[in-house]
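> Please find work-v5.cif (mmCIF, C-alpha atoms and all ligand atoms) on the next line:
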```cif
data_query
#
loop_
_atom_site.group_PDB
_atom_site.id
_atom_site.type_symbol
_atom_site.label_atom_id
_atom_site.label_comp_id
_atom_site.auth_asym_id
_atom_site.auth_seq_id
_atom_site.Cartn_x
_atom_site.Cartn_y
_atom_site.Cartn_z
ATOM 1 C CA MET O 1 28.162 14.608 10.098
ATOM 2 C CA PRO O 2 24.642 13.297 9.505
ATOM 3 C CA VAL O 3 24.026 11.114 6.455
ATOM 4 C CA LEU O 4 21.449 12.591 4.049
ATOM 5 C CA VAL O 5 19.512 11.288 1.041
ATOM 6 C CA ASP O 6 18.412 13.703 -1.688
ATOM 7 C CA SER O 7 15.173 11.986 -2.712
ATOM 8 C CA HIS O 8 14.613 14.134 -5.806
ATOM 9 C CA ALA O 9 17.213 15.743 -8.077
ATOM 10 C CA HIS O 10 17.695 16.466 -11.787
ATOM 11 C CA ILE O 11 21.465 16.480 -12.123
ATOM 12 C CA ASP O 12 21.170 14.973 -15.615
ATOM 13 C CA MET O 13 20.226 18.459 -16.836
ATOM 14 C CA ARG O 14 22.626 20.349 -19.089
ATOM 15 C CA LEU O 15 23.117 22.954 -16.358
ATOM 16 C CA TYR O 16 25.463 20.476 -14.660
ATOM 17 C CA ASP O 17 27.415 19.377 -17.746
ATOM 18 C CA LYS O 18 30.409 21.559 -16.924
ATOM 19 C CA ASP O 19 30.849 20.662 -13.258
ATOM 20 C CA ARG O 20 28.841 17.517 -12.424
ATOM 21 C CA ASP O 21 31.859 15.840 -10.783
ATOM 22 C CA GLN O 22 32.360 18.816 -8.469
ATOM 23 C CA VAL O 23 28.637 19.051 -7.694
ATOM 24 C CA LEU O 24 28.635 15.424 -6.543
ATOM 25 C CA GLU O 25 31.916 15.909 -4.703
ATOM 26 C CA ARG O 26 30.401 18.804 -2.745
ATOM 27 C CA ALA O 27 27.335 16.650 -2.045
ATOM 28 C CA ARG O 28 29.546 13.898 -0.581
ATOM 29 C CA GLU O 29 31.352 16.478 1.553
ATOM 30 C CA ALA O 30 27.958 17.697 2.825
ATOM 31 C CA GLY O 31 27.005 14.165 3.906
ATOM 32 C CA VAL O 32 24.703 13.309 0.978
ATOM 33 C CA ALA O 33 25.108 9.545 0.661
ATOM 34 C CA ALA O 34 22.520 8.988 -2.074
ATOM 35 C CA VAL O 35 20.845 11.081 -4.767
ATOM 36 C CA VAL O 36 17.725 9.879 -6.578
ATOM 37 C CA ASN O 37 17.905 11.352 -10.079
ATOM 38 C CA VAL O 38 14.364 11.658 -11.367
ATOM 39 C CA GLY O 39 13.412 11.326 -15.044
ATOM 40 C CA CYS O 40 10.993 13.654 -16.841
ATOM 41 C CA ASN O 41 10.754 11.840 -20.183
ATOM 42 C CA LEU O 42 12.395 8.905 -21.959
ATOM 43 C CA ASP O 43 15.688 10.732 -22.623
ATOM 44 C CA SER O 44 16.169 11.990 -19.080
ATOM 45 C CA SER O 45 15.166 8.595 -17.699
ATOM 46 C CA ARG O 46 17.937 7.035 -19.792
ATOM 47 C CA ALA O 47 20.300 9.796 -18.627
ATOM 48 C CA ALA O 48 19.375 8.996 -15.011
ATOM 49 C CA ILE O 49 20.466 5.394 -15.539
ATOM 50 C CA ARG O 50 23.723 6.504 -17.171
ATOM 51 C CA LEU O 51 24.475 8.716 -14.140
ATOM 52 C CA ALA O 52 23.631 5.845 -11.799
ATOM 53 C CA GLU O 53 26.165 3.697 -13.666
ATOM 54 C CA GLN O 54 28.781 6.412 -13.463
ATOM 55 C CA TYR O 55 28.350 7.473 -9.826
ATOM 56 C CA SER O 56 27.861 4.930 -7.051
ATOM 57 C CA GLU O 57 25.684 7.277 -4.948
ATOM 58 C CA VAL O 58 23.227 8.082 -7.775
ATOM 59 C CA PHE O 59 20.017 6.058 -8.199
ATOM 60 C CA ALA O 60 17.469 6.441 -10.988
ATOM 61 C CA ALA O 61 13.733 7.056 -11.209
ATOM 62 C CA LEU O 62 12.018 6.708 -14.595
ATOM 63 C CA GLY O 63 8.943 8.419 -15.922
ATOM 64 C CA PHE O 64 7.116 11.083 -17.897
ATOM 65 C CA HIS O 65 6.558 14.325 -15.979
ATOM 66 C CA PRO O 66 3.044 15.775 -16.500
ATOM 67 C CA HIS O 67 4.620 18.514 -18.663
ATOM 68 C CA SER O 68 5.851 15.768 -21.024
ATOM 69 C CA ALA O 69 2.703 13.630 -20.850
ATOM 70 C CA ALA O 70 1.720 14.548 -24.412
ATOM 71 C CA LYS O 71 5.067 13.203 -25.633
ATOM 72 C CA MET O 72 4.408 9.743 -24.215
ATOM 73 C CA ARG O 73 3.984 7.416 -27.203
ATOM 74 C CA ASP O 74 2.526 3.947 -27.552
ATOM 75 C CA GLY O 75 5.290 1.615 -26.555
ATOM 76 C CA ASP O 76 6.958 4.039 -24.156
ATOM 77 C CA GLN O 77 5.440 2.166 -21.239
ATOM 78 C CA GLU O 78 7.231 -0.958 -22.484
ATOM 79 C CA ARG O 79 10.457 1.007 -22.955
ATOM 80 C CA LEU O 80 10.245 2.274 -19.361
ATOM 81 C CA SER O 81 9.505 -1.246 -18.222
ATOM 82 C CA GLU O 82 12.641 -2.577 -19.942
ATOM 83 C CA LEU O 83 14.791 0.247 -18.547
ATOM 84 C CA ALA O 84 13.402 -0.462 -15.068
ATOM 85 C CA GLN O 85 15.132 -3.847 -15.057
ATOM 86 C CA HIS O 86 18.377 -1.980 -14.323
ATOM 87 C CA PRO O 87 19.432 -2.702 -10.706
ATOM 88 C CA LYS O 88 19.801 0.983 -9.816
ATOM 89 C CA VAL O 89 16.259 1.940 -10.806
ATOM 90 C CA VAL O 90 14.423 2.618 -7.537
ATOM 91 C CA ALA O 91 11.134 4.292 -8.532
ATOM 92 C CA ILE O 92 8.737 5.397 -11.254
ATOM 93 C CA GLY O 93 8.693 9.194 -11.453
ATOM 94 C CA GLU O 94 8.197 11.833 -11.704
ATOM 95 C CA ILE O 95 4.601 11.352 -12.657
ATOM 96 C CA GLY O 96 1.454 13.234 -11.716
ATOM 97 C CA LEU O 97 -0.642 16.243 -12.684
ATOM 98 C CA ASP O 98 0.262 19.881 -13.216
ATOM 99 C CA PHE O 99 -2.861 21.954 -13.801
ATOM 100 C CA TYR O 100 -0.946 25.175 -13.123
ATOM 101 C CA ARG O 101 1.101 25.292 -16.279
ATOM 102 C CA ASN O 102 -0.961 22.786 -18.318
ATOM 103 C CA LEU O 103 1.927 22.146 -20.699
ATOM 104 C CA SER O 104 0.121 18.941 -21.698
ATOM 105 C CA PRO O 105 -3.698 18.807 -21.964
ATOM 106 C CA ARG O 106 -5.314 17.725 -18.698
ATOM 107 C CA GLU O 107 -6.905 14.542 -19.990
ATOM 108 C CA VAL O 108 -3.580 13.500 -21.534
ATOM 109 C CA GLN O 109 -1.878 14.090 -18.161
ATOM 110 C CA VAL O 110 -4.472 11.960 -16.380
ATOM 111 C CA GLU O 111 -4.012 9.130 -18.867
ATOM 112 C CA ALA O 112 -0.202 9.193 -18.631
ATOM 113 C CA PHE O 113 -0.428 9.295 -14.828
ATOM 114 C CA ASN O 114 -2.727 6.268 -14.698
ATOM 115 C CA ARG O 115 -0.655 4.283 -17.185
ATOM 116 C CA GLN O 116 2.528 4.901 -15.211
ATOM 117 C CA LEU O 117 0.847 4.083 -11.889
ATOM 118 C CA ALA O 118 -0.192 0.769 -13.414
ATOM 119 C CA LEU O 119 3.369 0.233 -14.607
ATOM 120 C CA ALA O 120 4.759 0.926 -11.114
ATOM 121 C CA ARG O 121 2.365 -1.603 -9.639
ATOM 122 C CA ARG O 122 3.368 -4.210 -12.202
ATOM 123 C CA LEU O 123 7.068 -3.567 -11.503
ATOM 124 C CA LYS O 124 6.499 -3.344 -7.726
ATOM 125 C CA LEU O 125 8.246 0.027 -7.616
ATOM 126 C CA PRO O 126 7.280 3.072 -5.537
ATOM 127 C CA VAL O 127 6.132 6.246 -7.308
ATOM 128 C CA ILE O 128 7.386 9.832 -7.109
ATOM 129 C CA VAL O 129 4.382 12.106 -7.554
ATOM 130 C CA HIS O 130 4.303 15.690 -8.809
ATOM 131 C CA CYS O 131 1.126 17.622 -7.979
ATOM 132 C CA ARG O 132 0.508 21.262 -8.772
ATOM 133 C CA ASP O 133 -2.933 22.887 -8.654
ATOM 134 C CA ALA O 134 -4.512 19.448 -8.939
ATOM 135 C CA GLN O 135 -4.845 18.362 -5.291
ATOM 136 C CA GLU O 136 -8.328 16.864 -5.615
ATOM 137 C CA GLU O 137 -7.618 15.002 -8.832
ATOM 138 C CA VAL O 138 -4.313 13.566 -7.610
ATOM 139 C CA LEU O 139 -5.855 12.530 -4.296
ATOM 140 C CA SER O 140 -8.702 10.709 -6.010
ATOM 141 C CA ILE O 141 -6.433 8.921 -8.527
ATOM 142 C CA LEU O 142 -3.934 7.877 -5.828
ATOM 143 C CA THR O 143 -6.701 6.769 -3.450
ATOM 144 C CA GLU O 144 -8.049 4.402 -6.077
ATOM 145 C CA TRP O 145 -4.579 3.163 -6.966
ATOM 146 C CA ALA O 146 -3.554 2.695 -3.318
ATOM 147 C CA CYS O 147 -6.569 0.478 -2.685
ATOM 148 C CA GLY O 148 -5.516 -1.847 -5.463
ATOM 149 C CA ALA O 149 -1.853 -1.621 -4.529
ATOM 150 C CA GLY O 150 -2.433 -2.978 -1.058
ATOM 151 C CA GLY O 151 -2.391 0.358 0.745
ATOM 152 C CA VAL O 152 -5.235 1.576 2.901
ATOM 153 C CA GLY O 153 -7.759 -0.650 1.132
ATOM 154 C CA GLY O 154 -5.593 -3.722 1.444
ATOM 155 C CA ALA O 155 -7.696 -5.389 4.140
ATOM 156 C CA GLY O 156 -5.789 -4.040 7.120
ATOM 157 C CA ARG O 157 -2.389 -5.086 5.819
ATOM 158 C CA ALA O 158 0.609 -3.259 7.205
ATOM 159 C CA LYS O 159 1.223 0.031 5.485
ATOM 160 C CA GLU O 160 3.167 -0.560 2.330
ATOM 161 C CA ALA O 161 5.534 2.174 1.208
ATOM 162 C CA LEU O 162 3.739 3.197 -1.985
ATOM 163 C CA GLY O 163 5.562 6.353 -2.933
ATOM 164 C CA VAL O 164 6.188 9.982 -2.162
ATOM 165 C CA LEU O 165 4.397 13.271 -2.744
ATOM 166 C CA HIS O 166 7.341 15.325 -3.944
ATOM 167 C CA CYS O 167 7.648 18.924 -2.732
ATOM 168 C CA PHE O 168 4.484 18.466 -0.718
ATOM 169 C CA SER O 169 2.583 21.731 -0.285
ATOM 170 C CA GLY O 170 -0.802 20.550 1.000
ATOM 171 C CA ASP O 171 -2.159 21.066 4.481
ATOM 172 C CA ARG O 172 -1.901 18.806 7.497
ATOM 173 C CA GLU O 173 -5.157 16.986 6.810
ATOM 174 C CA LEU O 174 -4.212 16.135 3.244
ATOM 175 C CA GLY O 175 -0.753 15.055 4.400
ATOM 176 C CA GLN O 176 -2.342 12.753 6.962
ATOM 177 C CA ARG O 177 -4.564 11.157 4.318
ATOM 178 C CA TYR O 178 -1.580 10.369 2.130
ATOM 179 C CA ILE O 179 0.352 8.978 5.085
ATOM 180 C CA GLU O 180 -2.542 6.686 5.976
ATOM 181 C CA MET O 181 -2.568 5.425 2.397
ATOM 182 C CA GLY O 182 1.123 4.529 2.610
ATOM 183 C CA PHE O 183 2.808 7.582 1.110
ATOM 184 C CA PHE O 184 5.716 9.656 2.329
ATOM 185 C CA LEU O 185 5.775 13.458 2.078
ATOM 186 C CA SER O 186 8.857 15.205 0.776
ATOM 187 C CA ILE O 187 9.977 18.680 1.789
ATOM 188 C CA ALA O 188 12.136 20.876 -0.431
ATOM 189 C CA GLY O 189 13.831 24.309 -0.399
ATOM 190 C CA PRO O 190 10.692 26.488 -0.178
ATOM 191 C CA ILE O 191 10.450 25.570 3.522
ATOM 192 C CA THR O 192 13.424 27.903 4.048
ATOM 193 C CA TYR O 193 11.558 30.979 2.789
ATOM 194 C CA SER O 194 7.804 30.395 2.754
ATOM 195 C CA SER O 195 5.450 29.138 5.413
ATOM 196 C CA LEU O 196 4.092 25.646 4.812
ATOM 197 C CA GLU O 197 1.047 24.639 6.804
ATOM 198 C CA ILE O 198 2.315 21.086 7.216
ATOM 199 C CA ALA O 199 5.519 22.480 8.762
ATOM 200 C CA ARG O 200 3.756 23.030 12.068
ATOM 201 C CA ASP O 201 3.384 19.313 12.561
ATOM 202 C CA LEU O 202 5.874 17.488 10.411
ATOM 203 C CA PRO O 203 5.463 13.713 10.586
ATOM 204 C CA LEU O 204 9.147 12.755 10.918
ATOM 205 C CA ASP O 205 8.454 9.053 10.476
ATOM 206 C CA ARG O 206 6.907 9.690 7.026
ATOM 207 C CA LEU O 207 9.114 12.527 5.852
ATOM 208 C CA LEU O 208 11.652 12.697 3.039
ATOM 209 C CA ILE O 209 13.855 15.597 2.011
ATOM 210 C CA GLU O 210 14.864 16.716 -1.459
ATOM 211 C CA THR O 211 16.453 19.527 -3.412
ATOM 212 C CA ASP O 212 14.547 19.159 -6.723
ATOM 213 C CA CYS O 213 17.720 20.752 -8.041
ATOM 214 C CA PRO O 214 18.366 22.777 -10.174
ATOM 215 C CA PHE O 215 15.039 24.252 -9.040
ATOM 216 C CA LEU O 216 13.729 25.403 -5.624
ATOM 217 C CA THR O 217 17.055 26.641 -4.267
ATOM 218 C CA PRO O 218 16.900 27.109 -0.474
ATOM 219 C CA GLN O 219 18.020 30.175 1.427
ATOM 220 C CA PRO O 220 20.737 31.471 1.630
ATOM 221 C CA HIS O 221 21.454 30.505 -2.004
ATOM 222 C CA ARG O 222 18.071 31.443 -3.456
ATOM 223 C CA GLY O 223 18.419 32.812 -6.978
ATOM 224 C CA LYS O 224 21.324 30.505 -7.819
ATOM 225 C CA ARG O 225 21.319 27.001 -9.296
ATOM 226 C CA ASN O 226 20.386 24.446 -6.653
ATOM 227 C CA GLU O 227 22.477 21.323 -5.954
ATOM 228 C CA PRO O 228 22.363 18.308 -3.600
ATOM 229 C CA SER O 229 24.892 19.781 -1.130
ATOM 230 C CA TYR O 230 22.294 22.458 -0.242
ATOM 231 C CA LEU O 231 20.096 19.766 1.297
ATOM 232 C CA SER O 232 21.631 20.620 4.680
ATOM 233 C CA PHE O 233 19.724 23.945 4.670
ATOM 234 C CA VAL O 234 16.414 22.082 4.310
ATOM 235 C CA VAL O 235 17.336 19.748 7.180
ATOM 236 C CA ALA O 236 18.367 22.656 9.401
ATOM 237 C CA LYS O 237 15.093 24.482 8.737
ATOM 238 C CA ILE O 238 12.970 21.398 9.450
ATOM 239 C CA GLY O 239 14.868 21.009 12.719
ATOM 240 C CA GLU O 240 14.313 24.650 13.617
ATOM 241 C CA ILE O 241 10.563 24.534 12.877
ATOM 242 C CA SER O 242 9.885 21.225 14.570
ATOM 243 C CA GLY O 243 12.219 21.775 17.515
ATOM 244 C CA VAL O 244 14.054 18.534 16.779
ATOM 245 C CA PRO O 245 17.866 18.429 16.456
ATOM 246 C CA SER O 246 18.844 18.360 12.772
ATOM 247 C CA ASP O 247 20.779 15.115 13.359
ATOM 248 C CA VAL O 248 17.504 13.472 14.311
ATOM 249 C CA VAL O 249 15.758 14.914 11.236
ATOM 250 C CA ALA O 250 18.577 13.515 9.094
ATOM 251 C CA GLU O 251 18.407 10.129 10.773
ATOM 252 C CA HIS O 252 14.645 9.787 10.205
ATOM 253 C CA THR O 253 14.537 11.093 6.648
ATOM 254 C CA THR O 254 17.490 8.933 5.612
ATOM 255 C CA ALA O 255 15.924 5.814 7.143
ATOM 256 C CA ASN O 256 12.642 6.657 5.384
ATOM 257 C CA ALA O 257 14.354 7.054 1.999
ATOM 258 C CA ILE O 258 16.213 3.765 2.488
ATOM 259 C CA GLN O 259 12.909 2.053 3.274
ATOM 260 C CA LEU O 260 10.908 3.556 0.403
ATOM 261 C CA PHE O 261 13.545 3.172 -2.335
ATOM 262 C CA ARG O 262 15.166 0.041 -0.842
ATOM 263 C CA LEU O 263 18.543 1.751 -1.067
ATOM 264 C CA PRO O 264 21.572 -0.446 -0.355
ATOM 265 C CA LEU O 265 23.044 1.988 2.171
HETATM 266 ZN ZN ZN E 1 11.373 17.359 -10.110
#
```
When written as structure tokens, how does the structure in this file appear?


Amino acid sequence: MPVLVDSHAHIDMRLYDKDRDQVLERAREAGVAAVVNVGCNLDSSRAAIRLAEQYSEVFAALGFHPHSAAKMRDGDQERLSELAQHPKVVAIGEIGLDFYRNLSPREVQVEAFNRQLALARRLKLPVIVHCRDAQEEVLSILTEWACGAGGVGGAGRAKEALGVLHCFSGDRELGQRYIEMGFFLSIAGPITYSSLEIARDLPLDRLLIETDCPFLTPQPHRGKRNEPSYLSFVVAKIGEISGVPSDVVAEHTTANAIQLFRLPL
């Protein structure tokens, strides 16, 4: 069975309180060797670390989601920085902009995004980026950051693995720009039921896979709570679309996740 890495999950959420052990057991049975549990605020970032301490295959990402940007207080950057000293913290995220729901004012989102990008650079950690209805703004902020971080602007240095665009929904051209900067693109459940432009030419060497569970449940389980064991449906669909055996998709995406998050697998 191919080894998979779920690069983006929220199994700290209350929805899993009753059966988290079984959810992770099913994930192991489905070949999921690592799950990156992504924080959305200070509490869920702390919960991610607790899960990482409890389960050997869970790793933690810390950050304020754009929806929670307005809740980021002075000093929270320092708190994240202290939490990030934990050996199982592998990224800052999820951070970014969400101009679709605008649950935090836009300028507050931009400020929180920039502060956390600066934090990631200081800590030398990759970032997990959420972008919804803010393609131009995210591209311009990440372009500037990547230049300073030693990405595309880093005087011809080898591409550093800077982070991942989670649940990437842009077109091929945008995907290529991010790849050139040093980012990976992550594909989630929607690929099983909606057509993604990027799907026609998936760059396997810069691709990650994720569930974003409990959200974005893939077919044939759409409508139910998502979980890491359903990652196999995403892999199968990528294989089908790109004409590559799913074992090969798994091999590439797992190697990419190990590289980006420096996972000890
Ligand atoms: Zn998420």

> List the residues selected by the PyMOL selection byres (((chain O and resi 132) around 8) and not hetatm) in the file shown, writing them as a PyMOL selection string.

chain O and resi 97-100+130-131+133-135

> Name every residue that the PyMOL selection byres (((chain O and resi 24) around 10) and not hetatm) selects in this structure, writing the answer as a PDB file with C-alpha atoms, in the coordinates of the input with chains first and numbers rising.


```
ATOM      1  CA  ILE O  11      21.465  16.480 -12.123  1.00  0.00           C
ATOM      2  CA  ASP O  19      30.849  20.662 -13.258  1.00  0.00           C
ATOM      3  CA  ARG O  20      28.841  17.517 -12.424  1.00  0.00           C
ATOM      4  CA  ASP O  21      31.859  15.840 -10.783  1.00  0.00           C
ATOM      5  CA  GLN O  22      32.360  18.816  -8.469  1.00  0.00           C
ATOM      6  CA  VAL O  23      28.637  19.051  -7.694  1.00  0.00           C
ATOM      7  CA  GLU O  25      31.916  15.909  -4.703  1.00  0.00           C
ATOM      8  CA  ARG O  26      30.401  18.804  -2.745  1.00  0.00           C
ATOM      9  CA  ALA O  27      27.335  16.650  -2.045  1.00  0.00           C
ATOM     10  CA  ARG O  28      29.546  13.898  -0.581  1.00  0.00           C
ATOM     11  CA  GLU O  29      31.352  16.478   1.553  1.00  0.00           C
ATOM     12  CA  ALA O  30      27.958  17.697   2.825  1.00  0.00           C
ATOM     13  CA  VAL O  32      24.703  13.309   0.978  1.00  0.00           C
ATOM     14  CA  ALA O  33      25.108   9.545   0.661  1.00  0.00           C
ATOM     15  CA  ALA O  34      22.520   8.988  -2.074  1.00  0.00           C
ATOM     16  CA  VAL O  35      20.845  11.081  -4.767  1.00  0.00           C
ATOM     17  CA  TYR O  55      28.350   7.473  -9.826  1.00  0.00           C
ATOM     18  CA  GLU O  57      25.684   7.277  -4.948  1.00  0.00           C
ATOM     19  CA  VAL O  58      23.227   8.082  -7.775  1.00  0.00           C
ATOM     20  CA  GLU O 227      22.477  21.323  -5.954  1.00  0.00           C
ATOM     21  CA  PRO O 228      22.363  18.308  -3.600  1.00  0.00           C
ATOM     22  CA  SER O 229      24.892  19.781  -1.130  1.00  0.00           C
TER      23      SER O 229
END
```

> Between O:Cys40, O:Val249, O:Met1, O:Leu204, which one has atoms that come closest to ligand ZN 1 (chain E), using all atoms listed in the file?

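That would be O:Cys40, the residue with the smallest distance to ligand ZN 1 (chain E).
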
> Throw together the list of residues within 8 Å of ligand ZN 1 (chain E), counting all atoms listed in the file, and drop it here as a list in words.

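Counting only what the definition allows, namely all atoms listed in the file, the set is His8, Ala9, His10, Val38, Cys40, Glu94, His130, His166, Asp212, Cys213 and Phe215 of chain O.
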
> Given the file above and the PyMOL selection byres (((chain O and resi 105-122) around 9) and not hetatm), which residues are selected, and can you give them as a PDB file with C-alpha atoms, in the coordinates of the input?


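Contents of the output file out.pdb:
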```pdb
ATOM      1  CA  GLY O  63       8.943   8.419 -15.922  1.00  0.00           C
ATOM      2  CA  PHE O  64       7.116  11.083 -17.897  1.00  0.00           C
ATOM      3  CA  HIS O  65       6.558  14.325 -15.979  1.00  0.00           C
ATOM      4  CA  PRO O  66       3.044  15.775 -16.500  1.00  0.00           C
ATOM      5  CA  HIS O  67       4.620  18.514 -18.663  1.00  0.00           C
ATOM      6  CA  SER O  68       5.851  15.768 -21.024  1.00  0.00           C
ATOM      7  CA  ALA O  69       2.703  13.630 -20.850  1.00  0.00           C
ATOM      8  CA  ALA O  70       1.720  14.548 -24.412  1.00  0.00           C
ATOM      9  CA  MET O  72       4.408   9.743 -24.215  1.00  0.00           C
ATOM     10  CA  GLN O  77       5.440   2.166 -21.239  1.00  0.00           C
ATOM     11  CA  GLU O  78       7.231  -0.958 -22.484  1.00  0.00           C
ATOM     12  CA  LEU O  80      10.245   2.274 -19.361  1.00  0.00           C
ATOM     13  CA  SER O  81       9.505  -1.246 -18.222  1.00  0.00           C
ATOM     14  CA  ALA O  91      11.134   4.292  -8.532  1.00  0.00           C
ATOM     15  CA  ILE O  92       8.737   5.397 -11.254  1.00  0.00           C
ATOM     16  CA  GLY O  93       8.693   9.194 -11.453  1.00  0.00           C
ATOM     17  CA  ILE O  95       4.601  11.352 -12.657  1.00  0.00           C
ATOM     18  CA  GLY O  96       1.454  13.234 -11.716  1.00  0.00           C
ATOM     19  CA  LEU O  97      -0.642  16.243 -12.684  1.00  0.00           C
ATOM     20  CA  ASP O  98       0.262  19.881 -13.216  1.00  0.00           C
ATOM     21  CA  PHE O  99      -2.861  21.954 -13.801  1.00  0.00           C
ATOM     22  CA  ASN O 102      -0.961  22.786 -18.318  1.00  0.00           C
ATOM     23  CA  LEU O 103       1.927  22.146 -20.699  1.00  0.00           C
ATOM     24  CA  SER O 104       0.121  18.941 -21.698  1.00  0.00           C
ATOM     25  CA  LEU O 123       7.068  -3.567 -11.503  1.00  0.00           C
ATOM     26  CA  LYS O 124       6.499  -3.344  -7.726  1.00  0.00           C
ATOM     27  CA  LEU O 125       8.246   0.027  -7.616  1.00  0.00           C
ATOM     28  CA  PRO O 126       7.280   3.072  -5.537  1.00  0.00           C
ATOM     29  CA  VAL O 127       6.132   6.246  -7.308  1.00  0.00           C
ATOM     30  CA  GLU O 137      -7.618  15.002  -8.832  1.00  0.00           C
ATOM     31  CA  VAL O 138      -4.313  13.566  -7.610  1.00  0.00           C
ATOM     32  CA  ILE O 141      -6.433   8.921  -8.527  1.00  0.00           C
ATOM     33  CA  LEU O 142      -3.934   7.877  -5.828  1.00  0.00           C
ATOM     34  CA  TRP O 145      -4.579   3.163  -6.966  1.00  0.00           C
ATOM     35  CA  GLY O 148      -5.516  -1.847  -5.463  1.00  0.00           C
ATOM     36  CA  ALA O 149      -1.853  -1.621  -4.529  1.00  0.00           C
TER      37      ALA O 149
END
```

> Around all of segment 237-252 of chain O's listed atoms, make the axis-aligned box with 3 Å on each side and tell me centre and edge lengths in Å to one decimal, as JSON.


```
{"center_x": 15.3, "center_y": 17.2, "center_z": 13.1, "size_x": 16.9, "size_y": 20.9, "size_z": 14.8}
```

> Find the residue from O:Phe59, O:Tyr193, O:Thr143, O:Arg79 that sits nearest to Val5 of chain O; use only C-alpha atoms when measuring.

O:Phe59

> Have a look at atom CA of Glu136 of chain O and atom CA of Asn41 of chain O and let me know their distance in Å, one decimal.

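Pair atom CA of Glu136 of chain O / atom CA of Asn41 of chain O returns 24.5 Å.
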
> Separation of atom CA of Val90 of chain O and atom CA of Ala61 of chain O, in Å?

5.8 Å

> Please compute the atom CA of Leu231 of chain O-atom CA of Lys88 of chain O distance, one decimal, in Å.

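Atom-to-atom, atom CA of Leu231 of chain O and atom CA of Lys88 of chain O are spaced 21.8 Å apart.
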
> With distances taken over all atoms listed in the file, which of O:Ile49, O:Ala60, O:Leu265, O:Leu42 is nearest to Arg73 of chain O?

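The closest residue to Arg73 of chain O is O:Leu42.
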
> Please identify all polymer residues within 9 Å of Ser186 of chain O, counting all atoms listed in the file, omitting same-chain residues fewer than 3 positions from it, and present them as number ranges by chain.

O: 7-8, 164-168, 206-210

> Check the smallest atom-to-atom distance from each of O:Ala188, O:Val234, O:Ile241, O:Ala161 to Asp205 of chain O using all atoms listed in the file, then report the winner.

O:Ala161

> Using the structure block above, produce a file of segment 74-116 of chain O that contains C-alpha atoms, as a PDB file, in the first residue's frame.


```pdb
ATOM      1  CA  ASP O  74      -0.274  41.977  20.646  1.00  0.00           C
ATOM      2  CA  GLY O  75       1.986  39.322  22.028  1.00  0.00           C
ATOM      3  CA  ASP O  76       0.365  36.452  20.143  1.00  0.00           C
ATOM      4  CA  GLN O  77       3.245  36.466  17.688  1.00  0.00           C
ATOM      5  CA  GLU O  78       5.584  35.850  20.631  1.00  0.00           C
ATOM      6  CA  ARG O  79       3.281  33.130  21.970  1.00  0.00           C
ATOM      7  CA  LEU O  80       3.324  31.384  18.576  1.00  0.00           C
ATOM      8  CA  SER O  81       7.075  31.778  18.481  1.00  0.00           C
ATOM      9  CA  GLU O  82       7.447  30.077  21.877  1.00  0.00           C
ATOM     10  CA  LEU O  83       5.069  27.261  20.898  1.00  0.00           C
ATOM     11  CA  ALA O  84       7.036  26.769  17.670  1.00  0.00           C
ATOM     12  CA  GLN O  85      10.047  25.598  19.671  1.00  0.00           C
ATOM     13  CA  HIS O  86       8.240  22.265  20.092  1.00  0.00           C
ATOM     14  CA  PRO O  87      10.035  19.607  17.988  1.00  0.00           C
ATOM     15  CA  LYS O  88       6.847  18.494  16.225  1.00  0.00           C
ATOM     16  CA  VAL O  89       5.951  21.944  14.908  1.00  0.00           C
ATOM     17  CA  VAL O  90       6.589  21.811  11.153  1.00  0.00           C
ATOM     18  CA  ALA O  91       4.996  24.979   9.726  1.00  0.00           C
ATOM     19  CA  ILE O  92       3.269  28.303  10.313  1.00  0.00           C
ATOM     20  CA  GLY O  93      -0.351  28.081   9.172  1.00  0.00           C
ATOM     21  CA  GLU O  94      -2.862  28.384   8.234  1.00  0.00           C
ATOM     22  CA  ILE O  95      -2.393  31.998   7.344  1.00  0.00           C
ATOM     23  CA  GLY O  96      -3.542  34.050   4.377  1.00  0.00           C
ATOM     24  CA  LEU O  97      -6.490  36.053   3.080  1.00  0.00           C
ATOM     25  CA  ASP O  98     -10.164  35.200   2.734  1.00  0.00           C
ATOM     26  CA  PHE O  99     -12.008  37.980   0.930  1.00  0.00           C
ATOM     27  CA  TYR O 100     -14.978  35.689   0.270  1.00  0.00           C
ATOM     28  CA  ARG O 101     -16.343  35.509   3.773  1.00  0.00           C
ATOM     29  CA  ASN O 102     -14.488  38.543   5.201  1.00  0.00           C
ATOM     30  CA  LEU O 103     -14.962  37.322   8.766  1.00  0.00           C
ATOM     31  CA  SER O 104     -12.126  39.679   9.730  1.00  0.00           C
ATOM     32  CA  PRO O 105     -11.730  43.106   8.064  1.00  0.00           C
ATOM     33  CA  ARG O 106      -9.465  42.952   5.016  1.00  0.00           C
ATOM     34  CA  GLU O 107      -6.768  45.270   6.314  1.00  0.00           C
ATOM     35  CA  VAL O 108      -6.624  43.290   9.567  1.00  0.00           C
ATOM     36  CA  GLN O 109      -6.201  40.075   7.541  1.00  0.00           C
ATOM     37  CA  VAL O 110      -3.362  41.607   5.535  1.00  0.00           C
ATOM     38  CA  GLU O 111      -1.591  42.732   8.699  1.00  0.00           C
ATOM     39  CA  ALA O 112      -1.929  39.335  10.408  1.00  0.00           C
ATOM     40  CA  PHE O 113      -0.724  37.605   7.233  1.00  0.00           C
ATOM     41  CA  ASN O 114       2.373  39.800   6.991  1.00  0.00           C
ATOM     42  CA  ARG O 115       3.201  39.460  10.681  1.00  0.00           C
ATOM     43  CA  GLN O 116       2.987  35.674  10.504  1.00  0.00           C
TER      44      GLN O 116
END
```
